[in-house]
Structure formats: structure tokens, C-alpha cells
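Enquirer: I am sharing my_file35.cif, which consists of mmCIF, C-alpha atoms:
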data_structure
loop_
_atom_site.label_atom_id
_atom_site.label_comp_id
_atom_site.auth_asym_id
_atom_site.auth_seq_id
_atom_site.Cartn_x
_atom_site.Cartn_y
_atom_site.Cartn_z
CA MET A 256 94.49 125.48 91.70
CA ASP A 257 97.00 122.79 92.53
CA PHE A 258 96.03 120.07 94.94
CA GLU A 259 97.76 120.57 98.28
CA PRO A 260 97.56 117.38 100.34
CA LYS A 261 96.99 117.36 104.07
CA ILE A 262 99.48 115.05 105.72
CA LEU A 263 99.53 113.94 109.32
CA GLY A 264 103.03 113.46 110.65
CA ILE A 265 103.43 111.49 113.86
CA ALA A 266 106.93 111.92 115.23
CA CYS A 267 108.67 110.34 118.17
CA ASN A 268 109.86 112.83 120.78
CA TRP A 269 113.46 111.66 120.98
CA CYS A 270 114.49 111.29 117.37
CA THR A 271 112.20 112.44 114.59
CA TYR A 272 110.70 115.40 116.44
CA THR A 273 114.14 116.60 117.46
CA GLY A 274 115.24 115.99 113.86
CA ALA A 275 112.36 118.12 112.63
CA ASP A 276 113.40 120.79 115.11
CA LEU A 277 116.91 120.66 113.70
CA ALA A 278 115.54 121.03 110.19
CA GLY A 279 113.79 124.16 111.42
CA THR A 280 116.75 125.68 113.25
CA THR A 281 119.02 125.08 110.25
CA ARG A 282 116.36 126.86 108.14
CA LEU A 283 115.88 124.08 105.62
CA GLN A 284 113.05 124.59 103.16
CA TYR A 285 110.48 121.81 102.94
CA PRO A 286 106.76 121.61 102.02
CA GLN A 287 104.31 122.83 104.65
CA ASN A 288 101.80 120.05 104.10
CA VAL A 289 102.84 117.99 107.10
CA ARG A 290 101.17 118.67 110.44
CA VAL A 291 103.38 117.11 113.05
CA VAL A 292 102.04 115.52 116.22
CA ARG A 293 104.57 114.59 118.86
CA VAL A 294 104.31 111.28 120.69
CA MET A 295 106.73 109.92 123.25
CA CYS A 296 107.59 106.83 121.21
CA SER A 297 106.63 105.33 117.87
CA SER A 298 105.16 102.37 119.76
CA ARG A 299 102.69 104.84 121.32
CA ILE A 300 100.94 104.97 117.95
CA ASN A 301 97.72 103.06 117.99
CA PRO A 302 96.97 101.76 114.47
CA SER A 303 93.49 103.25 114.88
CA PHE A 304 95.15 106.70 114.83
CA ILE A 305 96.06 106.07 111.23
CA PHE A 306 92.61 104.80 110.19
CA ARG A 307 91.00 107.70 112.06
CA ALA A 308 93.29 110.31 110.50
CA LEU A 309 92.42 109.04 107.01
CA GLN A 310 88.73 109.15 107.94
CA LEU A 311 88.95 112.70 109.24
CA GLY A 312 90.46 114.03 106.04
CA ALA A 313 94.19 113.33 105.95
CA ASP A 314 95.52 112.44 102.50
CA GLY A 315 98.55 110.67 103.90
CA VAL A 316 100.14 109.66 107.18
CA LEU A 317 103.88 109.84 107.86
CA VAL A 318 105.25 108.13 110.94
CA GLY A 319 108.75 108.87 112.19
CA GLY A 320 110.70 106.98 114.82
CA CYS A 321 114.22 106.29 116.00
CA HIS A 322 116.42 103.92 114.05
CA PRO A 323 116.00 100.33 115.25
CA GLY A 324 118.38 99.86 118.16
CA ASP A 325 118.41 103.57 119.03
CA CYS A 326 115.06 103.74 120.81
CA HIS A 327 115.05 105.83 123.98
CA TYR A 328 113.04 103.02 125.58
CA ASN A 329 115.31 100.34 124.08
CA THR A 330 112.70 98.26 122.26
CA GLY A 331 109.72 100.53 121.50
CA ASN A 332 110.37 100.94 117.81
CA LEU A 333 110.95 97.22 117.34
CA TYR A 334 107.37 96.56 118.46
CA ALA A 335 106.18 99.50 116.37
CA ARG A 336 107.89 98.10 113.28
CA ARG A 337 105.89 94.86 113.43
CA ARG A 338 102.65 96.64 114.29
CA LEU A 339 102.85 99.31 111.61
CA ALA A 340 103.90 96.80 108.96
CA THR A 341 100.66 94.94 109.72
CA THR A 342 98.70 98.22 109.47
CA LYS A 343 100.16 98.77 106.03
CA LYS A 344 99.11 95.32 104.84
CA ILE A 345 95.59 95.87 106.15
CA LEU A 346 95.26 99.21 104.34
CA GLU A 347 96.53 97.56 101.20
CA PHE A 348 94.06 94.68 101.28
CA ALA A 349 91.19 97.04 102.06
CA GLY A 350 92.02 98.76 98.74
CA ILE A 351 93.60 101.97 100.01
CA GLU A 352 96.79 103.04 98.20
CA PRO A 353 99.71 101.84 100.36
CA GLY A 354 101.63 104.94 99.24
CA ARG A 355 99.53 107.05 101.59
CA PHE A 356 101.17 105.57 104.64
CA ARG A 357 104.88 105.65 105.29
CA VAL A 358 107.12 104.79 108.21
CA GLU A 359 110.58 106.30 108.28
CA TRP A 360 113.41 106.10 110.80
CA ILE A 361 114.92 109.58 111.29
CA SER A 362 117.38 110.30 114.08
CA ALA A 363 117.78 113.58 116.00
CA SER A 364 120.81 114.61 113.94
CA GLU A 365 119.18 113.99 110.56
CA GLY A 366 117.51 117.35 109.91
CA ASN A 367 118.37 117.01 106.24
CA ARG A 368 116.82 113.58 106.08
CA PHE A 369 113.59 114.89 107.62
CA ALA A 370 113.29 117.63 104.99
CA GLU A 371 114.06 115.09 102.26
CA VAL A 372 111.47 112.58 103.46
CA VAL A 373 108.76 115.25 103.79
CA GLU A 374 109.48 116.49 100.30
CA GLU A 375 109.43 112.99 98.79
CA PHE A 376 106.29 111.95 100.61
CA THR A 377 104.42 115.15 99.77
CA THR A 378 105.14 114.68 96.07
CA GLN A 379 104.07 111.06 96.32
CA VAL A 380 100.73 111.91 97.96
CA LYS A 381 100.20 114.80 95.56
CA ASN A 382 100.50 112.37 92.67
CA LEU A 383 98.00 110.00 94.28
CA GLY A 384 95.45 112.81 94.48
CA PRO A 385 92.87 113.48 97.20
CA GLN A 386 92.04 110.60 99.49
CA THR A 387 88.31 110.02 99.15
CA LYS A 388 87.88 106.36 100.04
CA LEU A 389 88.03 106.49 103.81
CA LYS A 390 87.19 110.17 104.22
CA ILE A 391 83.87 110.74 105.93
CA GLN A 392 81.59 112.64 103.54
CA GLU A 393 79.65 115.45 105.19
CA MET B 644 83.71 60.08 107.45
CA THR B 645 83.67 60.70 111.14
CA ASP B 646 81.48 58.54 113.33
CA PHE B 647 79.61 61.28 115.19
CA LYS B 648 77.58 58.88 117.38
CA LYS B 649 80.74 57.24 118.67
CA ILE B 650 82.33 60.60 119.50
CA GLU B 651 79.14 61.62 121.34
CA GLU B 652 79.30 58.42 123.41
CA ASN B 653 82.98 58.92 124.21
CA LEU B 654 82.34 62.57 125.06
CA LYS B 655 79.58 61.62 127.51
CA LYS B 656 81.68 58.87 129.06
CA GLU B 657 84.67 61.14 129.52
CA ALA B 658 82.58 64.04 130.84
CA LYS B 659 80.93 61.71 133.36
CA ARG B 660 84.27 60.35 134.56
CA LEU B 661 85.78 63.83 134.96
CA LEU B 662 82.78 65.26 136.81
CA GLU B 663 82.38 62.21 139.08
CA SER B 664 86.03 62.19 140.10
CA GLY B 665 85.84 65.92 140.75
CA GLU B 666 88.81 66.53 138.47
CA VAL B 667 86.91 69.38 136.82
CA THR B 668 83.96 71.53 137.89
CA VAL B 669 82.57 72.14 134.45
CA VAL B 670 82.64 70.45 131.06
CA LEU B 671 82.24 72.73 128.05
CA ALA B 672 80.62 70.83 125.19
CA TYR B 673 77.54 70.92 122.99
CA GLY B 674 73.94 70.54 124.13
CA LYS B 675 70.52 69.99 122.56
CA GLY B 676 69.06 72.95 120.74
CA PHE B 677 65.57 73.38 119.35
CA ASP B 678 66.35 70.91 116.59
CA GLU B 679 69.07 68.64 115.20
CA LYS B 680 70.54 71.40 113.11
CA HIS B 681 70.97 73.89 115.90
CA PRO B 682 72.86 72.44 118.85
CA MET B 683 73.86 74.93 121.53
CA PRO B 684 77.02 75.60 123.51
CA PHE B 685 76.52 73.76 126.77
CA ALA B 686 78.26 73.72 130.15
CA ALA B 687 77.75 70.48 132.10
CA LYS B 688 78.19 71.18 135.79
CA SER B 689 77.00 67.90 137.29
CA VAL B 690 76.74 64.24 136.33
CA ALA B 691 73.00 64.72 135.69
CA ASP B 692 73.80 67.31 132.98
CA VAL B 693 75.91 64.85 131.02
CA ASP B 694 72.88 63.22 129.35
CA ASN B 695 72.14 66.50 127.57
CA ILE B 696 75.47 66.51 125.74
CA VAL B 697 75.20 65.95 122.00
CA PHE B 698 77.64 65.88 119.14
CA ASN B 699 76.74 65.96 115.47
CA GLU B 700 77.97 67.54 112.26
CA TYR B 701 76.44 70.93 113.12
CA CYS B 702 78.40 71.37 116.37
CA ASN B 703 80.78 73.90 114.86
CA TYR B 704 80.85 76.44 117.69
CA ASN B 705 84.25 77.30 119.07
CA MET B 706 83.90 76.49 122.77
CA ALA B 707 87.20 78.22 123.60
CA ARG B 708 85.06 81.37 123.52
CA TYR B 709 83.68 80.51 126.94
CA LEU B 710 86.96 79.73 128.73
CA VAL B 711 87.76 83.33 129.62
CA ARG B 712 84.37 83.79 131.26
CA TYR B 713 85.29 81.56 134.20
CA PRO B 714 87.40 82.92 137.06
CA GLN B 715 91.12 82.10 136.91
CA GLY B 716 91.82 78.73 138.49
CA THR B 717 88.51 77.05 137.64
CA LYS B 718 89.14 73.47 136.54
CA ILE B 719 87.56 73.12 133.12
CA ALA B 720 87.27 70.30 130.63
CA ILE B 721 86.58 71.43 127.09
CA ALA B 722 85.69 69.67 123.87
CA VAL B 723 88.05 70.91 121.16
CA LYS B 724 88.12 70.40 117.43
CA ALA B 725 91.16 71.37 115.36
CA ALA B 726 90.70 75.15 115.26
CA ASP B 727 89.33 75.22 118.82
CA SER B 728 92.51 73.63 120.15
CA ARG B 729 94.51 76.33 118.39
CA ALA B 730 92.32 78.93 120.09
CA VAL B 731 93.09 77.32 123.45
CA ILE B 732 96.83 77.41 122.68
CA GLN B 733 96.57 81.06 121.70
CA LEU B 734 94.74 81.87 124.95
CA ILE B 735 97.47 80.06 126.90
CA GLN B 736 100.09 82.11 125.04
CA GLU B 737 98.25 85.26 126.05
CA GLU B 738 98.14 84.05 129.67
CA LYS B 739 94.35 84.23 129.89
CA ILE B 740 94.17 80.59 130.99
CA LYS B 741 96.62 78.05 132.35
CA LYS B 742 97.26 74.64 130.87
CA GLU B 743 97.18 72.91 134.27
CA ASN B 744 93.57 74.01 134.84
CA LEU B 745 92.37 72.45 131.61
CA VAL B 746 91.47 69.03 130.34
CA LEU B 747 91.30 69.09 126.55
CA LEU B 748 88.98 66.52 125.02
CA GLY B 749 90.26 66.39 121.46
CA ILE B 750 87.83 65.64 118.66
CA PRO B 751 89.36 64.78 115.28
CA VAL B 752 86.60 65.53 112.86
CA ILE B 753 85.92 65.79 109.18
CA GLY B 754 82.74 66.85 107.45
CA MET B 755 81.35 69.50 109.79
CA LYS B 756 78.45 71.36 108.19
CA ASN B 757 77.31 74.94 108.26
CA PRO B 758 73.65 74.86 109.44
CA LYS B 759 72.82 77.94 107.35
CA THR B 760 73.87 76.54 103.99
CA ASP B 761 74.35 72.83 104.71
CA GLU B 762 77.74 73.04 103.01
CA VAL B 763 80.73 71.17 104.37
CA ILE B 764 83.13 73.48 106.19
CA ASP B 765 86.58 73.18 104.63
CA SER B 766 89.75 75.17 104.08
CA LYS B 767 87.83 77.78 102.10
CA THR B 768 86.42 79.38 105.23
CA THR B 769 88.59 77.89 107.98
CA CYS B 770 92.11 76.62 108.60
CA GLY B 771 91.09 73.29 107.09
CA MET B 772 92.72 71.17 109.79
CA HIS B 773 91.09 67.98 111.04
CA ASN B 774 93.07 66.89 114.11
CA PRO B 775 93.38 68.93 117.29
CA VAL B 776 96.88 70.33 117.81
CA LEU B 777 96.84 69.93 121.59
CA TYR B 778 94.74 67.46 123.59
CA ASP B 779 94.78 65.32 126.72
CA VAL B 780 92.22 62.73 125.64
CA LEU B 781 91.40 61.88 122.05
CA LEU B 782 87.75 60.94 121.52
CA GLY B 783 88.01 59.40 118.07
CA GLU B 784 90.37 58.14 115.44
CA GLU B 785 92.81 60.64 114.01
CA VAL B 786 92.03 61.70 110.47
CA HIS B 787 94.80 60.94 108.02
CA GLY B 788 95.32 60.85 104.29
CA GLN B 789 93.28 63.95 103.48
CA LYS B 790 94.54 66.14 100.69
CA ILE B 791 96.34 69.12 102.21
CA VAL B 792 94.97 72.37 100.83
CA SER B 793 96.49 75.69 101.84
CA PRO B 794 93.88 77.76 103.69
CA TYR B 795 95.19 80.79 101.78
CA ASP B 796 94.27 79.49 98.31
CA VAL B 797 90.90 81.20 98.42
CA LEU B 798 92.65 84.61 98.64
CA ALA B 799 94.19 84.49 95.15
CA GLU B 800 91.07 85.85 93.48
CA TYR B 801 90.91 88.88 95.78
CA GLU B 802 94.63 89.59 95.72
CA ALA B 803 94.51 89.73 91.94
CA MET B 804 91.77 92.39 92.03
CA ASP B 805 92.52 95.98 91.19
CA LYS B 806 92.74 98.06 94.37
CA ASP B 807 89.74 100.21 93.50
CA ALA B 808 87.64 97.12 92.81
CA ARG B 809 88.80 95.62 96.09
CA TRP B 810 87.89 98.79 97.95
CA GLN B 811 84.44 98.74 96.33
CA PHE B 812 84.03 95.06 97.29
CA TRP B 813 84.88 95.67 100.94
CA LYS B 814 82.86 98.88 101.12
CA ASP B 815 79.79 97.05 99.83
CA GLN B 816 80.38 94.27 102.35
CA PHE B 817 80.87 96.62 105.31
CA ASP B 818 77.86 98.70 104.31
CA LYS B 819 75.73 95.60 104.95
CA CYS B 820 76.94 95.43 108.56
CA ILE B 821 74.19 96.06 111.13
CA ARG B 822 76.67 96.24 114.01
CA CYS B 823 75.12 93.40 115.98
CA TYR B 824 78.65 92.47 117.11
CA ALA B 825 77.94 88.77 116.59
CA CYS B 826 81.46 88.42 115.14
CA ARG B 827 82.90 89.79 118.35
CA LYS B 828 80.68 87.58 120.51
CA ALA B 829 81.58 84.44 118.59
CA CYS B 830 85.31 85.09 118.47
CA PRO B 831 87.40 83.23 121.07
CA MET B 832 90.08 85.94 120.85
CA CYS B 833 87.75 88.93 121.40
CA TYR B 834 87.77 89.12 125.16
CA CYS B 835 88.60 92.82 125.76
CA ASP B 836 86.38 94.56 128.27
CA PRO B 837 85.49 97.13 127.17
CA CYS B 838 85.96 96.63 123.45
CA PHE B 839 87.49 99.69 121.76
CA ILE B 840 84.22 100.28 119.92
CA ASP B 841 82.31 100.59 123.21
CA GLN B 842 84.64 103.27 124.54
CA ASN B 843 83.49 106.87 124.69
CA LYS B 844 86.77 108.45 125.70
CA PRO B 845 88.31 108.35 123.18
CA LYS B 846 85.43 107.69 120.85
CA TRP B 847 87.14 105.74 118.10
CA ALA B 848 84.21 105.46 115.75
CA ASP B 849 80.60 106.33 115.24
CA LYS B 850 78.29 103.75 116.81
CA ALA B 851 75.55 104.06 114.22
CA PRO B 852 75.53 101.23 111.66
CA GLN B 853 76.75 103.44 108.84
CA SER B 854 79.68 103.22 106.50
CA PRO B 855 82.45 105.18 108.30
CA GLY B 856 81.89 103.57 111.68
CA ASN B 857 81.53 100.12 110.17
CA ILE B 858 84.80 100.43 108.29
CA MET B 859 86.60 101.70 111.37
CA TYR B 860 85.19 98.88 113.49
CA HIS B 861 86.11 96.12 111.08
CA LEU B 862 89.56 97.40 110.07
CA THR B 863 90.54 97.88 113.71
CA ARG B 864 89.15 94.49 114.64
CA PHE B 865 91.22 92.88 111.88
CA HIS B 866 94.24 94.64 113.29
CA HIS B 867 93.54 93.52 116.85
CA LEU B 868 93.32 89.94 115.63
CA ALA B 869 96.49 90.12 113.53
CA GLY B 870 98.71 87.18 114.40
CA ARG B 871 96.08 85.93 116.88
CA CYS B 872 93.23 84.82 114.64
CA ILE B 873 93.24 81.03 114.52
CA ASP B 874 91.00 80.85 111.47
CA CYS B 875 88.03 78.96 112.94
CA GLY B 876 85.69 80.94 110.67
CA GLU B 877 83.21 81.36 113.51
CA CYS B 878 82.83 85.14 112.91
CA SER B 879 81.61 84.67 109.34
CA ARG B 880 79.24 81.84 110.33
CA ALA B 881 77.80 83.99 113.11
CA CYS B 882 77.30 86.97 110.79
CA PRO B 883 73.59 87.46 110.06
CA VAL B 884 74.32 89.39 106.85
CA ASP B 885 77.05 87.06 105.56
CA ILE B 886 80.05 89.35 105.43
CA PRO B 887 83.05 87.18 104.43
CA LEU B 888 85.17 88.28 107.40
CA TYR B 889 87.25 85.12 107.11
CA LEU B 890 88.82 86.48 103.89
CA PHE B 891 90.35 89.46 105.60
CA HIS B 892 91.45 87.44 108.62
CA LYS B 893 93.10 84.91 106.33
CA LYS B 894 94.91 87.65 104.44
CA VAL B 895 96.25 89.23 107.66
CA ALA B 896 97.28 85.79 108.95
CA LYS B 897 99.06 85.08 105.68
CA GLU B 898 100.96 88.36 105.81
CA CYS B 899 101.92 87.76 109.45
CA GLU B 900 103.15 84.30 108.58
CA GLU B 901 105.25 85.67 105.72
CA MET B 902 106.65 88.56 107.74
CA PHE B 903 107.29 86.88 111.08
CA ASN B 904 107.50 83.16 110.22
CA GLN B 905 105.03 82.12 112.86
CA VAL B 906 101.57 80.60 112.64
CA SER B 907 99.14 81.50 115.40
CA GLY B 908 98.06 78.89 117.93
CA MET B 909 100.46 76.09 117.07
CA SER B 910 102.72 75.92 120.14
CA ILE B 911 102.28 77.04 123.76
CA GLU B 912 105.95 78.10 123.79
CA ASP B 913 105.41 80.90 121.24
CA LYS B 914 104.51 84.49 121.95
CA PRO B 915 101.88 86.29 119.84
CA VAL B 916 103.75 88.03 117.00
CA LEU B 917 102.69 91.58 117.75
CA VAL B 918 103.79 91.53 121.41
CA ASN B 919 107.12 90.12 120.38
CA PHE B 920 109.97 91.28 118.17
CA ARG B 921 113.27 90.21 116.75
CA VAL B 922 116.14 92.64 116.40
CA GLU B 923 116.84 91.14 112.99
CA ASP B 924 113.32 91.87 111.65
CA SER B 925 113.86 93.46 108.26
CA ASP B 926 112.83 97.02 107.46
CA LYS B 927 111.56 95.61 104.16
CA ILE B 928 108.29 94.67 105.83
CA LEU B 929 107.45 98.37 106.01
CA GLU B 930 107.63 98.90 102.26
#
Represent the structure from my file as C-alpha cells, please.
Expert:
Amino acid sequence: MDFEPKILGIACNWCTYTGADLAGTTRLQYPQNVRVVRVMCSSRINPSFIFRALQLGADGVLVGGCHPGDCHYNTGNLYARRRLATTKKILEFAGIEPGRFRVEWISASEGNRFAEVVEEFTTQVKNLGPQTKLKIQE
Amino acid sequence: MTDFKKIEENLKKEAKRLLESGEVTVVLAYGKGFDEKHPMPFAAKSVADVDNIVFNEYCNYNMARYLVRYPQGTKIAIAVKAADSRAVIQLIQEEKIKKENLVLLGIPVIGMKNPKTDEVIDSKTTCGMHNPVLYDVLLGEEVHGQKIVSPYDVLAEYEAMDKDARWQFWKDQFDKCIRCYACRKACPMCYCDPCFIDQNKPKWADKAPQSPGNIMYHLTRFHHLAGRCIDCGECSRACPVDIPLYLFHKKVAKECEEMFNQVSGMSIEDKPVLVNFRVEDSDKILE
């Protein structure tokens, strides 16, 4: 059987989540591997969420936020950009494939873009195979 | 080489003057331990205490650790070496302490030794600086003419590793961890109360000293110190099982410097990089 990755999607309420909603209402087809969690802003994401998700069995983490400059709270995603870039470097130096973590800016009107990103990222994680390094073994 | 006896004399003289005039209520310096090799962090609160102050090549503790334990507004004098003064600057940036409440007794020093191994502490495990960045009184001659070595040179070997080998290296290191939290206790920047690892709601990681919890603790701690770590190397010297924590801290500091063009603890005008942003930050940093 083919490997179907589990992907955690964390989406900001105002842009990416609404974009995902649009992708749904326009009936776009995209892989079902992403489980989306809604947060109020991409700067709400504690980097530990990402480490914890990988520990609890996620094969990849996709974070979506508003385009820089479009944040509902004006500056939230600008802080998030610096923070999540650091998270990526830490994962990389710890020896975890950086391809398992992706940050993407998707606005509320970009339903197509959301479907595209999910498709791309799912293929990418599929190629990387199951994530076993951080995953807690029972 | 640094004249340690002379610095000790100057330190005592200065501490005595400050305490006598009532300019400060406490002087943070080094005191006698059970032997030469193990001096202890020491807080002199009266003129009588001053005689117990010592300074030798094993006094490598970062006294900035103890600043945040005093109530805001306490007048404190503190002995600072190069990295310690950067820690003080970083704490000022984070508004934990105020410059006007401090008297910084700068100690330019070269040839500090690690009491565990008796090796000279250099840019391999620390920032490799010799002169304090910020001080009010200088207790010795400034060190000049030393060869400047980038503190990031030691990383090359690990950056060149294959990612699976690097993962195995770090996993082996973190598996040694006994979760004594000495790194957290020694770190001048770890002042959170409670620390994320002590929280039960949410429970971020397992508290047993086993692999998953250890990895979670260390990775998150590296993240919390991103752009704040001043590379004193105190965490790795405090570690009873010799985990090279300084390597990871150096790597994160290097990346932050490359991404945001700012070195931690160099100017009291700066803001820590992760509580700051620039609109023109590039999206390339996320790739």
C-alpha cells in the first residue's frame, strides 16, 4: 500500500483558513492528507507546536498565514516570519529534513493557491517517506 | 597573560568603595570555594564581606545570572567579563534590569580555565571576546593584539555532516541528558517562571529523562534562546554529562546573525531579534 502522510496544517483565521474554505466551496480537488487547525493569527503559533506535532506522529507541518502587510492585526505575520524561519533552521541543524516544514502566505481569495500548495507539499512529504526521527515510539 | 592578583585587588578596592559610599547595596563577584579551582558566585552585602572576594582563572561563572533575582530598583554592582557584559546588555534590552541601577566592573581577561578539564576557554566554546562591551569601571588593562577567530569556525565540521549522521549525533547527546536543568540554572537568559518544561497545562513534554522529552526540552530551549544567547558557554560547562550545548546555540546565533544582521548583546539600543521585525525582511529566510 502507498504511504499516505499525515500532515498538520495550521491556518490563520483571516486568510489561509478562509482561502481553504474557498477551495472547498469552489469544489477544488486536493489531497486529504492535511488536517487543518485554525488559529487566530500565524504569530499565535508557538514553535513548540511544530516540534510536538512531529513527535506525536505528523509527517509534515504546513503553516499558512496572510501575505506580509495584509495581516488582520497589522504586524502578526511579520513576527511569525522571523520566528518560524528560526524554527526551520533549528529543525535543519537537528538533522530533520527541512522539507517537512513549510510556511506559505495564502490570502482569503486564493482558493486555487491553497489547493496547489497542499498538493505540492503532500507530494514532497510523500517522497521524504514516514517521519521516524522525532516520532515517539510506543 | 592577565594579572589575576591585580584584578582581585582592584575588585576588592572598588567593591569596598562602592559599599562604603552606599552607592550600591550588593556587589556580585566571586568568593572562596572549597579550593582554588572551585570559586563560588558571591554577593558582598557589607564592607566586611569584601575580604572574601577572590578572582582567579577559574572564575568563569556568568554573574549576570543573579541580576534578575533582586527586586527591580536594587542598586547592584557586578563584576563582568566579556560575555557577562553582553548578558547584561541583553537583559537591559529585555527590560529586566535598568542601566541606572547598575555599576559594571569590567574585567578584561584572557586565559580563563575550565576547572573540569583545565583547558583554556576560547572561541571554540564561547564568543571568544576578551574585553567587556559595556562597563563603568575597568579593573585591568584592555587586551589587544589577540588573533581574531570567528566563534562560528567550530561549526564547520557539524554543518558538513550528512543530516542523518547529525540527527544520530544529537540524539546520542540528548539521550545522555539526566534533566538536572543545570543548563537552565546557569544561563543568564533563562529567567522564565515557570519554565515551559515545568508547566502542566499544557504539558509540553514528558518530564522523565528519556529521549522524546529530552529532545523537546532542548530544541525548545534553543528556540527560546534564539537571538538572545550571548555565547558565554556556561550551559555546557555546567552540564554534568558534557552535552555540547554551545554548538547548537552557536549555530542558532549564526543563523540569526545572517538572517537579521544583528548580534545579540552588543548595544543597549537594539531590540532582541525575535520580538522585532522589519517590513523588508525577505521571504527567502523561510526557504
Enquirer: Run the PyMOL selection byres ((chain B and resi 652) around 12) mentally over the shown coordinates, then write out the matched residues as a PDB file with C-alpha atoms, in the coordinates of the input, using the chain letters and numbers from the document.
Expert:
ATOM      1  CA  ASP B 646      81.480  58.540 113.330  1.00  0.00           C
ATOM      2  CA  PHE B 647      79.610  61.280 115.190  1.00  0.00           C
ATOM      3  CA  LYS B 648      77.580  58.880 117.380  1.00  0.00           C
ATOM      4  CA  LYS B 649      80.740  57.240 118.670  1.00  0.00           C
ATOM      5  CA  ILE B 650      82.330  60.600 119.500  1.00  0.00           C
ATOM      6  CA  GLU B 651      79.140  61.620 121.340  1.00  0.00           C
ATOM      7  CA  ASN B 653      82.980  58.920 124.210  1.00  0.00           C
ATOM      8  CA  LEU B 654      82.340  62.570 125.060  1.00  0.00           C
ATOM      9  CA  LYS B 655      79.580  61.620 127.510  1.00  0.00           C
ATOM     10  CA  LYS B 656      81.680  58.870 129.060  1.00  0.00           C
ATOM     11  CA  GLU B 657      84.670  61.140 129.520  1.00  0.00           C
ATOM     12  CA  ALA B 658      82.580  64.040 130.840  1.00  0.00           C
ATOM     13  CA  LYS B 659      80.930  61.710 133.360  1.00  0.00           C
ATOM     14  CA  VAL B 693      75.910  64.850 131.020  1.00  0.00           C
ATOM     15  CA  ASP B 694      72.880  63.220 129.350  1.00  0.00           C
ATOM     16  CA  ASN B 695      72.140  66.500 127.570  1.00  0.00           C
ATOM     17  CA  ILE B 696      75.470  66.510 125.740  1.00  0.00           C
ATOM     18  CA  VAL B 697      75.200  65.950 122.000  1.00  0.00           C
ATOM     19  CA  PHE B 698      77.640  65.880 119.140  1.00  0.00           C
ATOM     20  CA  ASN B 699      76.740  65.960 115.470  1.00  0.00           C
ATOM     21  CA  LEU B 782      87.750  60.940 121.520  1.00  0.00           C
ATOM     22  CA  GLY B 783      88.010  59.400 118.070  1.00  0.00           C
TER      23      GLY B 783
END
Enquirer: With distances taken over only C-alpha atoms, which residue among A:Ser297, A:Asn367, A:Thr271, A:Gln392 lies nearest chain B?
Expert: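 Using only C-alpha atoms, the shortest distance to chain B belongs to A:Gln392.
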Enquirer: Applied to this file, what does the PyMOL selection byres ((chain B and resi 867) around 10) return in terms of residues, put as a compact mmCIF listing (two decimals) with C-alpha atoms, in the coordinates of the input?
Expert:
# COMPACT_ATOMS: atom_id res chain seq x y z
CA PRO A 302 96.97 101.76 114.47
CA SER A 303 93.49 103.25 114.88
CA ARG A 338 102.65 96.64 114.29
CA MET B 832 90.08 85.94 120.85
CA CYS B 833 87.75 88.93 121.40
CA PHE B 839 87.49 99.69 121.76
CA HIS B 861 86.11 96.12 111.08
CA LEU B 862 89.56 97.40 110.07
CA THR B 863 90.54 97.88 113.71
CA ARG B 864 89.15 94.49 114.64
CA PHE B 865 91.22 92.88 111.88
CA HIS B 866 94.24 94.64 113.29
CA LEU B 868 93.32 89.94 115.63
CA ALA B 869 96.49 90.12 113.53
CA GLY B 870 98.71 87.18 114.40
CA ARG B 871 96.08 85.93 116.88
CA CYS B 872 93.23 84.82 114.64
CA LEU B 917 102.69 91.58 117.75
Enquirer: Tell me, in Å to one decimal, how far atom CA of B:Val792 is from atom CA of B:Ala829.
Expert: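 So the two atoms, atom CA of B:Val792 and atom CA of B:Ala829, lie 25.3 Å apart.
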Enquirer: Run the PyMOL selection byres ((chain A) within 7 of (chain B)) on the file and write out the hits as a PyMOL selection string.
Expert: chain A and resi 303+306+333-334+337-338+340+342+345+349-351+358+391
Enquirer: To one decimal in Å, tell me the separation between atom CA of A:Ser364 and atom CA of A:Ile305.
Expert: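 If I compute the distance from atom CA of A:Ser364 to atom CA of A:Ile305, I get 26.3 Å.
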Enquirer: What is the distance, in Å and to one decimal place, between atom CA of B:Glu877 and atom CA of B:Asp815?
Expert: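 Taking atom CA of B:Glu877 as the start and atom CA of B:Asp815 as the end point, the length is 21.1 Å.
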Enquirer: Counting all atoms listed in the file, find the residues whose atoms lie at most 8 Å from (72.0, 72.9, 127.3) (file coordinates) and write them out as a CSV table (one decimal) with C-alpha atoms, in the frame of the given file.
Expert:
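This is the output file out-v6.csv:
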chain,number,residue,atom,x,y,z
B,673,TYR,CA,77.5,70.9,123.0
B,674,GLY,CA,73.9,70.5,124.1
B,675,LYS,CA,70.5,70.0,122.6
B,676,GLY,CA,69.1,73.0,120.7
B,683,MET,CA,73.9,74.9,121.5
B,684,PRO,CA,77.0,75.6,123.5
B,685,PHE,CA,76.5,73.8,126.8
B,686,ALA,CA,78.3,73.7,130.2
B,687,ALA,CA,77.8,70.5,132.1
B,695,ASN,CA,72.1,66.5,127.6
B,696,ILE,CA,75.5,66.5,125.7
Enquirer: Neighbouring residues of stretch 722-724 of chain B were defined as those with any atom within 9 Å, considering all atoms listed in the file; residues of the same chain fewer than 3 positions away were excluded. Please report them as a list in words.
Expert: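 Using all atoms listed in the file, the neighbours found are Leu654, Val670, Leu671, Ala672, Tyr673, Asn703, Asn705, Met706, Ala707, Asp727, Ser728, Arg729, Val731, Val746, Leu747, Leu748, Gly749, Ile750, Pro751, Val752, Met772, His773, Asn774, Pro775, Val776, Leu777 and Tyr778 of chain B.
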Enquirer: Might you pull out every residue within 7 Å of stretch 359-362 of chain A, with all atoms listed in the file counted and same-chain residues fewer than 2 positions away left off, and present them as a PyMOL selection string?
Expert: chain A and resi 270-271+274+318-322+357+364-365+368-369
Enquirer: Measuring atom to atom with all atoms listed in the file, identify which of B:Cys882, B:Cys826, B:Met755, B:Ile735 is nearest to B:Ser910.
Expert: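 With all atoms listed in the file as the atom set, the closest residue is B:Ile735.
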Enquirer: Restricting the calculation to all atoms listed in the file: of A:Thr330, A:Ser298, A:Thr341, A:Gln287, which residue gets closest to A:Phe376?
Expert: A:Gln287
Enquirer: Using only C-alpha atoms, find the one residue out of A:Lys343, A:Arg299, A:Lys261, A:Arg336 that sits nearest to A:Gln386.
Expert: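 Distance minimum relative to A:Gln386 lands on A:Lys261.
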Enquirer: With distances taken over all atoms listed in the file, which of B:Glu912, B:Asp849, B:Glu700, B:Asp796 is nearest to B:Lys897?
Expert: B:Asp796
